[in-house]
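Raw contents of input_10.txt, compact mmCIF, C-alpha atoms and all ligand atoms:
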# COMPACT_ATOMS: atom_id res chain seq x y z
CA MET S 12 -6.19 28.09 36.99
CA SER S 13 -6.73 26.79 33.44
CA ASP S 14 -5.49 24.13 31.02
CA SER S 15 -3.88 24.71 27.62
CA LYS S 16 -7.32 25.16 26.01
CA GLY S 17 -8.37 27.77 28.52
CA SER S 18 -10.81 25.65 30.56
CA ALA S 19 -11.04 27.09 34.04
CA PHE S 20 -10.51 25.03 37.16
CA THR S 21 -10.98 26.10 40.76
CA LEU S 22 -8.26 25.94 43.40
CA ALA S 23 -10.30 23.30 45.24
CA GLU S 24 -10.35 21.19 42.07
CA ALA S 25 -6.57 21.53 41.68
CA GLU S 26 -6.06 20.51 45.30
CA ALA S 27 -8.44 17.56 44.85
CA MET S 28 -6.59 16.47 41.69
CA ARG S 29 -3.26 16.46 43.55
CA HIS S 30 -4.86 14.26 46.18
CA ALA S 31 -6.41 12.02 43.51
CA LEU S 32 -2.94 11.53 41.96
CA ASP S 33 -1.65 10.41 45.38
CA LEU S 34 -4.60 8.06 45.82
CA ALA S 35 -3.98 6.57 42.35
CA ARG S 36 -0.47 5.54 43.44
CA ARG S 37 -1.99 3.16 45.98
CA GLY S 38 -2.83 0.80 43.10
CA TRP S 39 0.88 0.45 42.21
CA GLY S 40 1.72 -3.19 41.51
CA ARG S 41 -1.93 -4.29 41.71
CA VAL S 42 -3.78 -2.89 38.68
CA ALA S 43 -1.55 -3.34 35.62
CA PRO S 44 -2.25 -3.67 32.74
CA ASN S 45 -4.93 -1.18 33.79
CA PRO S 46 -3.88 2.41 34.57
CA LEU S 47 -3.47 3.84 38.07
CA VAL S 48 -6.52 6.00 38.75
CA GLY S 49 -7.60 8.07 41.74
CA ALA S 50 -10.75 10.12 42.28
CA VAL S 51 -12.11 12.69 44.74
CA VAL S 52 -15.72 13.89 45.12
CA LEU S 53 -16.25 17.59 45.89
CA ARG S 54 -19.42 19.21 47.16
CA GLY S 55 -18.71 22.89 46.68
CA ASP S 56 -15.10 23.13 47.84
CA ALA S 57 -15.43 20.35 50.44
CA VAL S 58 -14.11 16.83 49.90
CA VAL S 59 -16.98 14.38 50.51
CA GLY S 60 -15.53 11.18 49.04
CA GLU S 61 -12.41 9.56 47.66
CA GLY S 62 -11.39 6.31 46.02
CA TRP S 63 -8.88 4.62 43.80
CA HIS S 64 -8.56 1.64 41.49
CA ALA S 65 -7.10 -0.82 43.97
CA GLU S 66 -7.15 -4.17 42.19
CA PHE S 67 -7.19 -5.35 38.57
CA GLY S 68 -10.78 -6.35 37.76
CA GLY S 69 -12.05 -4.51 40.85
CA PRO S 70 -14.13 -1.30 41.03
CA HIS S 71 -12.81 1.71 39.15
CA ALA S 72 -11.70 4.77 41.13
CA GLU S 73 -14.83 6.77 40.20
CA VAL S 74 -17.16 4.07 41.52
CA ALA S 75 -15.14 3.71 44.73
CA ALA S 76 -15.13 7.49 45.30
CA LEU S 77 -18.86 7.87 44.59
CA ALA S 78 -19.62 4.97 46.96
CA SER S 79 -17.61 6.64 49.73
CA ALA S 80 -19.47 9.94 49.16
CA GLY S 81 -22.92 8.34 49.10
CA ARG S 82 -25.78 10.85 48.82
CA ARG S 83 -23.44 13.78 49.49
CA ALA S 84 -22.16 13.39 45.91
CA ARG S 85 -25.41 14.65 44.30
CA GLY S 86 -24.90 17.90 42.42
CA GLY S 87 -21.15 17.83 43.14
CA THR S 88 -17.94 17.52 41.12
CA LEU S 89 -16.02 14.32 40.48
CA VAL S 90 -12.28 14.99 40.13
CA VAL S 91 -10.51 12.04 38.50
CA THR S 92 -7.04 11.42 37.08
CA LEU S 93 -8.31 9.80 33.84
CA GLU S 94 -11.38 10.31 31.66
CA PRO S 95 -14.15 8.02 32.97
CA CYS S 96 -14.77 4.91 30.88
CA ALA S 97 -17.95 4.52 28.84
CA HIS S 98 -17.67 0.84 28.03
CA HIS S 99 -18.54 -2.50 29.62
CA GLY S 100 -15.22 -4.13 30.51
CA LYS S 101 -14.69 -6.17 33.66
CA THR S 102 -17.02 -3.69 35.38
CA PRO S 103 -19.97 -1.55 34.12
CA PRO S 104 -19.18 1.88 32.60
CA CYS S 105 -18.23 4.58 35.12
CA THR S 106 -20.33 7.05 33.14
CA ASP S 107 -23.44 5.14 34.34
CA ALA S 108 -22.33 5.45 37.99
CA ILE S 109 -21.61 9.18 37.53
CA LEU S 110 -25.06 9.81 36.05
CA ALA S 111 -26.77 7.69 38.71
CA ALA S 112 -24.98 9.68 41.43
CA GLY S 113 -26.28 12.93 39.90
CA MET S 114 -22.90 14.60 39.39
CA ALA S 115 -23.05 18.11 37.92
CA ARG S 116 -19.43 18.28 36.82
CA VAL S 117 -16.49 15.99 36.05
CA VAL S 118 -12.88 17.21 35.99
CA ALA S 119 -10.38 14.77 34.47
CA ALA S 120 -6.61 15.15 34.13
CA LEU S 121 -6.20 13.13 30.94
CA ARG S 122 -8.18 11.81 28.05
CA ASP S 123 -8.39 8.00 28.00
CA PRO S 124 -6.13 6.78 25.18
CA ASP S 125 -7.93 3.44 25.00
CA PRO S 126 -10.05 3.27 21.83
CA GLU S 127 -12.57 0.99 23.61
CA ALA S 128 -12.81 2.81 26.93
CA HIS S 129 -12.78 6.43 25.75
CA GLY S 130 -15.80 8.47 24.89
CA GLY S 131 -16.77 9.00 28.52
CA ALA S 132 -16.53 12.79 28.23
CA VAL S 133 -18.75 12.94 25.13
CA SER S 134 -21.38 10.65 26.58
CA LEU S 135 -21.51 12.59 29.88
CA ARG S 136 -21.79 15.94 28.08
CA GLN S 137 -24.66 14.58 25.99
CA ARG S 138 -26.48 13.90 29.26
CA GLY S 139 -25.91 17.39 30.61
CA VAL S 140 -22.82 16.89 32.76
CA ASP S 141 -20.18 19.64 32.54
CA VAL S 142 -16.87 17.93 31.68
CA ALA S 143 -13.43 19.61 31.71
CA ILE S 144 -10.22 17.75 30.84
CA GLY S 145 -6.58 18.79 31.28
CA LEU S 146 -6.09 19.66 34.96
CA LEU S 147 -2.54 18.58 36.00
CA ALA S 148 -2.34 16.59 32.77
CA GLU S 149 1.46 16.36 32.79
CA GLN S 150 1.59 14.97 36.32
CA ALA S 151 -1.10 12.43 35.42
CA ALA S 152 0.79 11.43 32.25
CA ALA S 153 3.98 10.90 34.28
CA LEU S 154 2.07 8.80 36.82
CA ASN S 155 0.85 6.45 34.09
CA ALA S 156 3.86 6.69 31.78
CA PRO S 157 4.26 2.89 31.27
CA PHE S 158 0.52 2.48 30.57
CA LEU S 159 0.41 5.39 28.11
CA PHE S 160 3.66 4.32 26.43
CA SER S 161 2.22 0.86 25.77
CA ARG S 162 -0.69 2.48 23.89
CA PHE S 163 1.60 4.65 21.73
CA GLU S 164 4.43 2.18 21.12
CA PRO S 165 3.41 -1.39 20.34
CA ASN S 166 6.89 -2.66 19.48
CA ARG S 167 8.78 -2.57 22.75
CA PRO S 168 8.17 -2.20 26.50
CA PHE S 169 8.54 1.05 28.45
CA VAL S 170 12.12 0.96 29.74
CA ALA S 171 13.11 2.61 33.03
CA LEU S 172 16.74 2.64 34.12
CA LYS S 173 17.39 2.75 37.85
CA LEU S 174 20.86 3.51 39.14
CA ALA S 175 22.30 4.37 42.52
CA THR S 176 25.40 6.50 42.04
CA SER S 177 27.92 8.50 43.99
CA ILE S 178 28.06 12.27 43.53
CA ASP S 179 30.76 11.68 40.92
CA GLY S 180 28.52 9.32 38.92
CA ARG S 181 30.01 5.94 39.96
CA ILE S 182 27.88 2.82 40.52
CA ALA S 183 30.51 0.70 42.31
CA ASP S 184 33.93 1.28 43.88
CA ALA S 185 37.19 0.47 42.11
CA ALA S 186 36.94 -3.15 43.36
CA GLY S 187 33.46 -3.49 41.80
CA ARG S 188 31.59 -3.35 45.13
CA SER S 189 28.20 -1.66 44.87
CA GLN S 190 26.58 -2.99 48.05
CA TRP S 191 25.57 -0.52 49.13
CA VAL S 192 26.00 2.79 47.38
CA SER S 193 22.62 4.01 48.66
CA GLY S 194 20.97 3.73 52.07
CA GLU S 195 18.10 1.71 53.50
CA GLU S 196 15.31 4.08 52.48
CA ALA S 197 16.48 3.99 48.87
CA ARG S 198 16.63 0.21 48.91
CA ALA S 199 13.10 -0.01 50.35
CA TYR S 200 11.97 2.37 47.60
CA VAL S 201 13.46 0.04 44.95
CA HIS S 202 11.37 -2.85 46.31
CA TRP S 203 8.27 -0.68 45.99
CA LEU S 204 9.37 0.29 42.46
CA ARG S 205 9.92 -3.31 41.34
CA ALA S 206 6.34 -4.21 42.25
CA GLY S 207 5.01 -1.99 39.45
CA PHE S 208 7.08 -3.41 36.59
CA ASP S 209 6.45 -6.50 34.45
CA ALA S 210 10.17 -7.30 34.32
CA ILE S 211 13.37 -6.43 36.19
CA ALA S 212 16.53 -6.53 34.06
CA VAL S 213 20.27 -6.46 34.76
CA GLY S 214 23.45 -6.96 32.76
CA GLY S 215 25.36 -10.23 32.90
CA THR S 216 28.28 -8.72 34.82
CA THR S 217 25.96 -7.39 37.52
CA ALA S 218 24.23 -10.78 37.80
CA LEU S 219 27.62 -12.47 38.29
CA GLN S 220 29.23 -9.87 40.57
CA ASP S 221 26.31 -8.91 42.80
CA ASN S 222 24.43 -12.22 42.61
CA PRO S 223 21.07 -10.46 43.19
CA ARG S 224 17.68 -12.13 43.68
CA LEU S 225 15.74 -9.35 41.91
CA THR S 226 12.55 -10.32 43.74
CA VAL S 227 10.06 -7.95 45.35
CA ARG S 228 10.50 -7.93 49.12
CA GLY S 229 8.75 -4.72 50.14
CA THR S 230 5.41 -3.50 51.41
CA VAL S 231 3.58 -4.02 48.10
CA THR S 232 3.10 -7.57 46.84
CA PRO S 233 2.73 -7.38 43.07
CA ARG S 234 -0.28 -9.08 41.50
CA LYS S 235 2.18 -10.90 39.23
CA PRO S 236 5.83 -11.17 40.33
CA PRO S 237 8.04 -9.48 37.74
CA VAL S 238 9.99 -11.68 35.35
CA ARG S 239 13.76 -11.45 35.86
CA VAL S 240 15.72 -10.75 32.69
CA VAL S 241 19.50 -10.88 32.29
CA PHE S 242 21.17 -9.34 29.25
CA ASP S 243 24.03 -11.80 28.90
CA ARG S 244 25.20 -12.03 25.30
CA ARG S 245 27.81 -14.70 26.01
CA ALA S 246 25.57 -16.81 28.29
CA MET S 247 28.09 -16.46 31.13
CA LEU S 248 25.51 -17.22 33.81
CA ASN S 249 25.84 -20.61 35.47
CA PRO S 250 23.77 -22.70 37.92
CA GLY S 251 25.80 -21.28 40.83
CA VAL S 252 24.21 -17.86 40.25
CA THR S 253 21.10 -17.25 42.39
CA LEU S 254 19.00 -16.09 39.43
CA VAL S 255 19.63 -19.41 37.65
CA ALA S 256 19.37 -21.55 40.79
CA THR S 257 15.90 -20.11 41.51
CA ALA S 258 14.67 -19.98 37.90
CA ARG S 259 12.01 -22.62 38.55
CA GLU S 260 10.52 -20.51 41.38
CA VAL S 261 10.65 -17.06 39.78
CA PRO S 262 10.59 -16.79 35.97
CA THR S 263 14.10 -15.99 34.72
CA TRP S 264 14.85 -15.13 31.12
CA VAL S 265 18.26 -14.60 29.52
CA MET S 266 18.77 -12.35 26.51
CA SER S 267 21.76 -14.04 24.93
CA SER S 268 22.94 -13.97 21.32
CA LEU S 269 23.62 -16.30 18.41
CA GLU S 270 27.33 -16.16 19.32
CA ALA S 271 26.77 -17.71 22.77
CA PRO S 272 28.16 -21.26 23.17
CA ALA S 273 25.34 -23.77 22.58
CA ALA S 274 26.39 -25.80 25.63
CA SER S 275 25.99 -22.76 27.92
CA VAL S 276 22.56 -22.03 26.51
CA THR S 277 21.48 -25.67 26.98
CA ALA S 278 22.76 -25.65 30.58
CA LEU S 279 20.68 -22.56 31.32
CA GLU S 280 17.58 -24.09 29.71
CA GLN S 281 18.04 -27.27 31.72
CA ASN S 282 17.86 -25.13 34.85
CA GLY S 283 14.51 -23.67 33.82
CA VAL S 284 15.80 -20.44 32.26
CA ARG S 285 14.06 -19.24 29.10
CA VAL S 286 16.78 -18.19 26.65
CA PHE S 287 16.24 -15.72 23.80
CA ARG S 288 18.91 -15.01 21.19
CA PRO S 289 18.16 -11.58 19.71
CA ALA S 290 20.53 -9.83 17.31
CA SER S 291 20.53 -6.53 19.30
CA LEU S 292 19.27 -4.87 22.46
CA ALA S 293 16.35 -3.36 20.52
CA ALA S 294 15.46 -6.76 19.09
CA GLY S 295 15.63 -8.22 22.61
CA LEU S 296 13.18 -5.61 23.87
CA SER S 297 10.80 -6.39 20.99
CA LEU S 298 10.89 -10.05 21.99
CA LEU S 299 10.01 -9.05 25.55
CA ARG S 300 6.99 -7.09 24.32
CA GLU S 301 5.90 -10.04 22.17
CA ALA S 302 6.14 -12.18 25.31
CA GLY S 303 3.70 -9.83 27.08
CA ILE S 304 6.12 -7.53 28.94
CA GLN S 305 4.90 -3.90 28.84
CA SER S 306 7.39 -2.38 31.27
CA VAL S 307 10.98 -3.14 32.26
CA LEU S 308 12.97 -1.76 35.17
CA CYS S 309 16.66 -2.08 34.29
CA GLU S 310 18.80 -1.99 37.41
CA GLY S 311 22.17 -1.66 35.68
CA GLY S 312 24.97 -2.09 35.47
CA GLY S 313 26.63 0.80 33.75
CA ALA S 314 27.54 -0.97 30.52
CA LEU S 315 24.00 -2.17 29.85
CA GLY S 316 22.36 1.07 30.97
CA ALA S 317 24.65 3.26 28.87
CA ARG S 318 24.11 1.08 25.79
CA LEU S 319 20.35 1.27 26.23
CA LEU S 320 20.58 5.05 26.66
CA ALA S 321 22.88 5.53 23.68
CA ASP S 322 20.50 3.45 21.54
CA GLY S 323 17.57 5.68 22.57
CA LEU S 324 15.88 2.80 24.41
CA VAL S 325 15.48 4.37 27.87
CA ASP S 326 12.24 6.23 28.59
CA ARG S 327 12.73 7.03 32.27
CA LEU S 328 15.68 7.32 34.64
CA TYR S 329 15.29 6.67 38.38
CA TRP S 330 18.49 8.18 39.68
CA VAL S 331 19.38 7.77 43.34
CA GLN S 332 22.35 9.93 44.24
CA ALA S 333 24.23 9.10 47.44
CA PRO S 334 26.33 11.73 49.26
CA VAL S 335 29.66 9.99 48.68
CA TRP S 336 32.60 10.28 46.26
CA LEU S 337 34.14 7.09 44.80
CA GLY S 338 36.81 8.53 42.49
CA ASP S 339 38.00 8.09 38.94
CA ASP S 340 38.91 4.41 39.20
CA ALA S 341 35.43 3.42 40.37
CA VAL S 342 32.86 1.93 37.93
CA PRO S 343 31.19 4.70 35.85
CA ALA S 344 27.39 4.91 35.65
CA PHE S 345 27.31 5.81 31.96
CA PRO S 346 30.47 4.54 30.25
CA GLY S 347 30.98 5.30 26.58
CA MET S 348 28.07 7.68 26.07
CA PRO S 349 28.65 9.58 22.83
CA ALA S 350 29.47 13.28 23.17
CA ALA S 351 26.51 15.64 22.71
CA PRO S 352 26.89 19.34 21.83
CA LEU S 353 25.33 21.41 24.61
CA GLN S 354 23.02 23.29 22.27
CA GLN S 355 21.49 20.12 20.83
CA ALA S 356 21.67 17.76 23.81
CA PRO S 357 18.09 16.77 24.61
CA ARG S 358 16.85 17.91 28.04
CA TRP S 359 14.93 15.32 30.02
CA ILE S 360 11.88 16.24 32.08
CA ALA S 361 12.07 16.05 35.88
CA VAL S 362 8.84 14.35 36.99
CA GLU S 363 9.81 13.77 40.63
CA ARG S 364 12.48 14.89 43.10
CA ARG S 365 12.68 13.90 46.73
CA SER S 366 14.86 12.70 49.59
CA LEU S 367 15.24 9.04 50.44
CA GLY S 368 16.90 9.35 53.83
CA PRO S 369 20.40 10.70 53.14
CA ASP S 370 20.06 10.08 49.38
CA THR S 371 18.29 12.05 46.65
CA LEU S 372 15.86 10.62 44.11
CA LEU S 373 15.46 12.27 40.74
CA VAL S 374 13.02 10.77 38.22
CA LEU S 375 13.55 11.96 34.64
CA ASP S 376 11.37 11.18 31.61
CA LYS S 377 12.64 11.49 28.07
CA ARG S 378 9.21 12.64 26.87
CA LEU S 379 5.64 12.79 28.08
CA CYS S 380 2.98 10.70 26.34
CA LEU S 381 -0.10 12.93 26.44
CA PRO S 382 -3.17 11.42 24.78
CA GLY S 383 -4.47 13.83 22.12
CA SER S 384 -7.99 15.10 21.93
N1 LIG Y 401 24.91 1.21 41.92
C1 LIG Y 401 24.06 0.59 41.13
O1 LIG Y 401 22.90 1.01 40.99
C2 LIG Y 401 24.48 -0.66 40.42
C3 LIG Y 401 23.51 -1.38 39.74
C4 LIG Y 401 23.91 -2.51 39.05
C5 LIG Y 401 25.25 -2.87 39.04
N2 LIG Y 401 26.17 -2.17 39.74
C6 LIG Y 401 27.58 -2.53 39.67
O2 LIG Y 401 27.99 -2.39 38.34
C7 LIG Y 401 29.02 -3.30 38.02
C8 LIG Y 401 28.68 -4.06 36.76
O3 LIG Y 401 28.36 -3.16 35.76
P1 LIG Y 401 29.05 -3.21 34.35
O4 LIG Y 401 28.85 -1.89 33.74
O5 LIG Y 401 30.46 -3.70 34.52
O6 LIG Y 401 28.28 -4.35 33.58
P2 LIG Y 401 26.72 -4.70 33.31
O7 LIG Y 401 26.05 -3.55 32.67
O8 LIG Y 401 26.10 -5.32 34.49
O9 LIG Y 401 26.87 -5.88 32.30
C9 LIG Y 401 27.11 -5.70 30.99
C10 LIG Y 401 26.47 -6.92 30.41
O10 LIG Y 401 25.47 -6.54 29.50
C11 LIG Y 401 25.62 -7.37 28.40
N3 LIG Y 401 25.04 -6.89 27.17
C12 LIG Y 401 24.11 -7.53 26.47
N4 LIG Y 401 23.81 -6.88 25.37
C13 LIG Y 401 24.61 -5.80 25.32
C14 LIG Y 401 24.79 -4.77 24.39
N5 LIG Y 401 24.09 -4.72 23.25
N6 LIG Y 401 25.69 -3.82 24.67
C15 LIG Y 401 26.41 -3.89 25.81
N7 LIG Y 401 26.28 -4.87 26.71
C16 LIG Y 401 25.40 -5.81 26.47
C17 LIG Y 401 27.12 -7.53 28.29
O11 LIG Y 401 27.39 -8.58 27.43
P3 LIG Y 401 28.86 -8.75 26.81
O12 LIG Y 401 29.61 -9.38 27.91
O13 LIG Y 401 28.69 -9.62 25.63
O14 LIG Y 401 29.37 -7.38 26.45
C18 LIG Y 401 27.47 -7.81 29.73
O15 LIG Y 401 27.17 -9.13 30.08
C19 LIG Y 401 29.16 -4.19 39.19
O16 LIG Y 401 30.26 -3.76 39.95
C20 LIG Y 401 27.88 -3.96 39.97
O17 LIG Y 401 28.14 -4.19 41.33
C21 LIG Y 401 25.81 -1.05 40.41
ZN ZN Y 402 -14.30 3.14 34.63
Using structure tokens, write down the structure from this file.
Amino acid sequence: MSDSKGSAFTLAEAEAMRHALDLARRGWGRVAPNPLVGAVVLRGDAVVGEGWHAEFGGPHAEVAALASAGRRARGGTLVVTLEPCAHHGKTPPCTDAILAAGMARVVAALRDPDPEAHGGAVSLRQRGVDVAIGLLAEQAAALNAPFLFSRFEPNRPFVALKLATSIDGRIADAAGRSQWVSGEEARAYVHWLRAGFDAIAVGGTTALQDNPRLTVRGTVTPRKPPVRVVFDRRAMLNPGVTLVATAREVPTWVMSSLEAPAASVTALEQNGVRVFRPASLAAGLSLLREAGIQSVLCEGGGALGARLLADGLVDRLYWVQAPVWLGDDAVPAFPGMPAAPLQQAPRWIAVERRSLGPDTLLVLDKRLCLPGS
């Protein structure tokens, strides 16, 4: 097995990297704005240690894995999903721990895009450690897509659109009922998903019709509860809506517009809602980034999702497809998308496919952000 530059990797290293990617996921919701990182220590082909970055400010994955391996690490290979850091941040550089443990080789999936943290590979090589980068790089880039996106694009957050649809691409029945298109497993998955995003967004119609809480009520408790954002140009939300009624408990922001009635905006503000009045969806997303939001999970509805897609503002689609037909009069998932000629229509990249009980999850990325060399 080899990467694009021809570096050779063993089958045991590939297997260890797959495991390290799974370990990295355990930090979901707990490590942002740091990346998710997992690591495995090999002695020959045997796994002798493993670890992951579990908590923001806590030990890095490399340090955790080396600690679990103890003296068995000496002379072995550290397999890690991101280039080890060489700088003093909240914790000492991982390169120091790798040298102290006497590692002979380090295999990393991705280069660190952080201008402060990177340089780990160079500094390890200078001290005689064999370093190879690029094993399962695409999988590692998909795992940390929001983190990598925030390094490449400073002007807006990473935007993921999550929709549960019927087989015929409908998000609600003809009467507007969408509870529930998907089953219990899919809904539990969405609670896990929410924990890893800085903000959860919906359109105004969805906020009014479904009256959601948009809180995280799953197995992972996020380090910071996501901000709830409603795209509601006309400021239709009112204090009877749960999101507004609970705005003092969970931060709730409304993306309205200059056309919204001043009295409606004031009423929202008096209920603890932070109101923004951007001129467009793109401008609204820029305001979110300025306010510290690096990733947004948009949970519909169709009108908002399709507008974001058509404007090129969606980076990832979490599509849950339920085995049910709802028919032509039901609410479409992507209304008004402009026609695209087959030859030129961009193909998205499938980064994950799996079953959620009776439903099917497909995760599609518009592009992969791979840090250059
Ligand atoms: N199955 C699912 O996953 C799922 C998820 C969510 C919702 N739903 C269902 O979907 C239905 C609601 O969806 P929907 O498509 O009718 O509405 P929607 O997407 O929830 O709401 C559209 C809202 O977005 C606002 N918006 C703000 N900026 C916009 C812009 N630049 N372009 C377009 N809209 C903008 C619209 O404002 P204006 O009013 O000013 O246009 C409107 O308030 C409900 O039946 C709900 O139950 C299903
Ligand atoms: Zn580190």
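Proximity of S:Leu204, S:Leu77, S:Leu159, S:Leu174 to S:Trp39, computed with only C-alpha atoms, is greatest for S:Leu204.
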Which residues, protein or nucleic acid, reach to within 12 Å of (-6.0, 15.3, 50.3) in the file's coordinates when using all atoms listed in the file, and can you give that as an mmCIF file with C-alpha atoms, in the coordinates of the input?
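What follows is the written file result.cif:
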data_model
loop_
_atom_site.group_PDB
_atom_site.id
_atom_site.type_symbol
_atom_site.label_atom_id
_atom_site.label_comp_id
_atom_site.auth_asym_id
_atom_site.auth_seq_id
_atom_site.Cartn_x
_atom_site.Cartn_y
_atom_site.Cartn_z
ATOM 1 C CA ALA S 23 -10.300 23.300 45.240
ATOM 2 C CA GLU S 24 -10.350 21.190 42.070
ATOM 3 C CA ALA S 25 -6.570 21.530 41.680
ATOM 4 C CA GLU S 26 -6.060 20.510 45.300
ATOM 5 C CA ALA S 27 -8.440 17.560 44.850
ATOM 6 C CA MET S 28 -6.590 16.470 41.690
ATOM 7 C CA ARG S 29 -3.260 16.460 43.550
ATOM 8 C CA HIS S 30 -4.860 14.260 46.180
ATOM 9 C CA ALA S 31 -6.410 12.020 43.510
ATOM 10 C CA LEU S 32 -2.940 11.530 41.960
ATOM 11 C CA ASP S 33 -1.650 10.410 45.380
ATOM 12 C CA LEU S 34 -4.600 8.060 45.820
ATOM 13 C CA ALA S 35 -3.980 6.570 42.350
ATOM 14 C CA GLY S 49 -7.600 8.070 41.740
ATOM 15 C CA ALA S 50 -10.750 10.120 42.280
ATOM 16 C CA VAL S 51 -12.110 12.690 44.740
ATOM 17 C CA VAL S 52 -15.720 13.890 45.120
ATOM 18 C CA LEU S 53 -16.250 17.590 45.890
ATOM 19 C CA ALA S 57 -15.430 20.350 50.440
ATOM 20 C CA VAL S 58 -14.110 16.830 49.900
ATOM 21 C CA VAL S 59 -16.980 14.380 50.510
ATOM 22 C CA GLY S 60 -15.530 11.180 49.040
ATOM 23 C CA GLU S 61 -12.410 9.560 47.660
ATOM 24 C CA GLY S 62 -11.390 6.310 46.020
ATOM 25 C CA VAL S 90 -12.280 14.990 40.130
#
Padded axis-aligned box of stretch 286-302 of chain S (3 Å per side), centre and edge lengths, Å, one decimal, as AutoDock Vina command-line options:
--center_x 13.2 --center_y -10.8 --center_z 22.0 --size_x 20.6 --size_y 20.8 --size_z 15.3
Dump as a list in words all residues having an atom at most 9 Å from (32.3, 7.3, 37.3), computed in the file's coordinates with only C-alpha atoms.
-> Thr176, Ser177, Asp179, Gly180, Arg181, Ile182, Ala183, Leu337, Gly338, Asp339, Asp340, Ala341, Val342, Pro343, Ala344, Phe345 and Pro346 of chain S
Output C-alpha atoms for every residue in the selection just made, as a PDB file, in the frame of the given file.
ATOM      1  CA  THR S 176      25.400   6.500  42.040  1.00  0.00           C
ATOM      2  CA  SER S 177      27.920   8.500  43.990  1.00  0.00           C
ATOM      3  CA  ASP S 179      30.760  11.680  40.920  1.00  0.00           C
ATOM      4  CA  GLY S 180      28.520   9.320  38.920  1.00  0.00           C
ATOM      5  CA  ARG S 181      30.010   5.940  39.960  1.00  0.00           C
ATOM      6  CA  ILE S 182      27.880   2.820  40.520  1.00  0.00           C
ATOM      7  CA  ALA S 183      30.510   0.700  42.310  1.00  0.00           C
ATOM      8  CA  LEU S 337      34.140   7.090  44.800  1.00  0.00           C
ATOM      9  CA  GLY S 338      36.810   8.530  42.490  1.00  0.00           C
ATOM     10  CA  ASP S 339      38.000   8.090  38.940  1.00  0.00           C
ATOM     11  CA  ASP S 340      38.910   4.410  39.200  1.00  0.00           C
ATOM     12  CA  ALA S 341      35.430   3.420  40.370  1.00  0.00           C
ATOM     13  CA  VAL S 342      32.860   1.930  37.930  1.00  0.00           C
ATOM     14  CA  PRO S 343      31.190   4.700  35.850  1.00  0.00           C
ATOM     15  CA  ALA S 344      27.390   4.910  35.650  1.00  0.00           C
ATOM     16  CA  PHE S 345      27.310   5.810  31.960  1.00  0.00           C
ATOM     17  CA  PRO S 346      30.470   4.540  30.250  1.00  0.00           C
TER      18      PRO S 346
END
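With a cut-off of 10 Å and using only C-alpha atoms and all ligand atoms, the polymer residues contacting ligand ZN 402 (chain Y) are Val48, His64, Pro70, His71, Ala72, Glu73, Val74, Leu93, Glu94, Pro95, Cys96, Ala97, His98, His99, Gly100, Lys101, Thr102, Pro103, Pro104, Cys105, Thr106, Asp107, Ala108, Ile109, Ala128, His129 and Gly131 of chain S.
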Please, which residues in chain S fall within 6 Å of ligand LIG 401 (chain Y) when counting all atoms listed in the file, and what is the closest atom pair and distance in Å to one decimal for each, ordered by chain then residue number, as a tab-separated table?
residue	atom	partner	partner_atom	distance
S:Leu174	CA	Y:LIG401	O1	3.7
S:Ala175	CA	Y:LIG401	O1	3.7
S:Thr176	CA	Y:LIG401	N1	5.3
S:Ile182	CA	Y:LIG401	N1	3.7
S:Ala183	CA	Y:LIG401	O16	5.1
S:Gly187	CA	Y:LIG401	O16	3.7
S:Arg188	CA	Y:LIG401	O17	5.2
S:Ser189	CA	Y:LIG401	O17	4.4
S:Val192	CA	Y:LIG401	N1	5.8
S:Val213	CA	Y:LIG401	O8	5.9
S:Gly214	CA	Y:LIG401	O8	3.6
S:Gly215	CA	Y:LIG401	O15	3.5
S:Thr216	CA	Y:LIG401	O9	4.1
S:Thr217	CA	Y:LIG401	O8	3.7
S:Gln220	CA	Y:LIG401	O17	5.8
S:Asp221	CA	Y:LIG401	O17	5.3
S:Phe242	CA	Y:LIG401	C12	4.4
S:Asp243	CA	Y:LIG401	O15	4.3
S:Arg244	CA	Y:LIG401	O13	4.3
S:Arg245	CA	Y:LIG401	O13	5.2
S:Ser291	CA	Y:LIG401	N5	5.6
S:Leu292	CA	Y:LIG401	N5	4.9
S:Glu310	CA	Y:LIG401	C3	5.3
S:Gly311	CA	Y:LIG401	C4	3.9
S:Gly312	CA	Y:LIG401	O7	3.3
S:Gly313	CA	Y:LIG401	O4	3.5
S:Ala314	CA	Y:LIG401	O4	3.6
S:Leu315	CA	Y:LIG401	O7	3.7
S:Arg318	CA	Y:LIG401	N6	5.3
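Put simply, atom CA of S:Lys235 is 21.9 Å away from atom CA of S:Tyr329.
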Figure out the distance between atom CA of S:Val201 and atom CA of S:Lys173, please, to one decimal in Å.
-> 8.6 Å
Of S:Thr253, S:Gln137, S:Gln355, S:Ser275, the one nearest to S:Asn222 when counting all atoms listed in the file is S:Thr253
What lies within 9 Å of S:Ile144 using all atoms listed in the file, ignoring chain neighbours under 3 positions off, as a PyMOL selection string?
-> chain S and resi 14+18+93-94+117-122+132+148
One decimal, Å: what's the distance from atom CA of S:Thr232 over to atom CA of S:Arg205, could you say?
-> 9.7 Å
If we count all atoms listed in the file, what is near stretch 206-208 of chain S at a cut-off of 8 Å, once residues fewer than 6 positions away on the same chain are taken out, given as JSON, numbers by chain?
-> {"S": [39, 40, 41, 43, 227, 231, 232, 233, 236, 237, 306, 307, 308]}
Option closest in space to S:Gln150, from S:Leu22, S:Thr92, S:Gln354, S:Gly194 [counting only C-alpha atoms] |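 Nearest to S:Gln150: S:Thr92.
Using only C-alpha atoms, the smallest distance between any of S:Ala151, S:Arg259, S:Arg37, S:Ala80 and S:Trp63 comes from S:Arg37.
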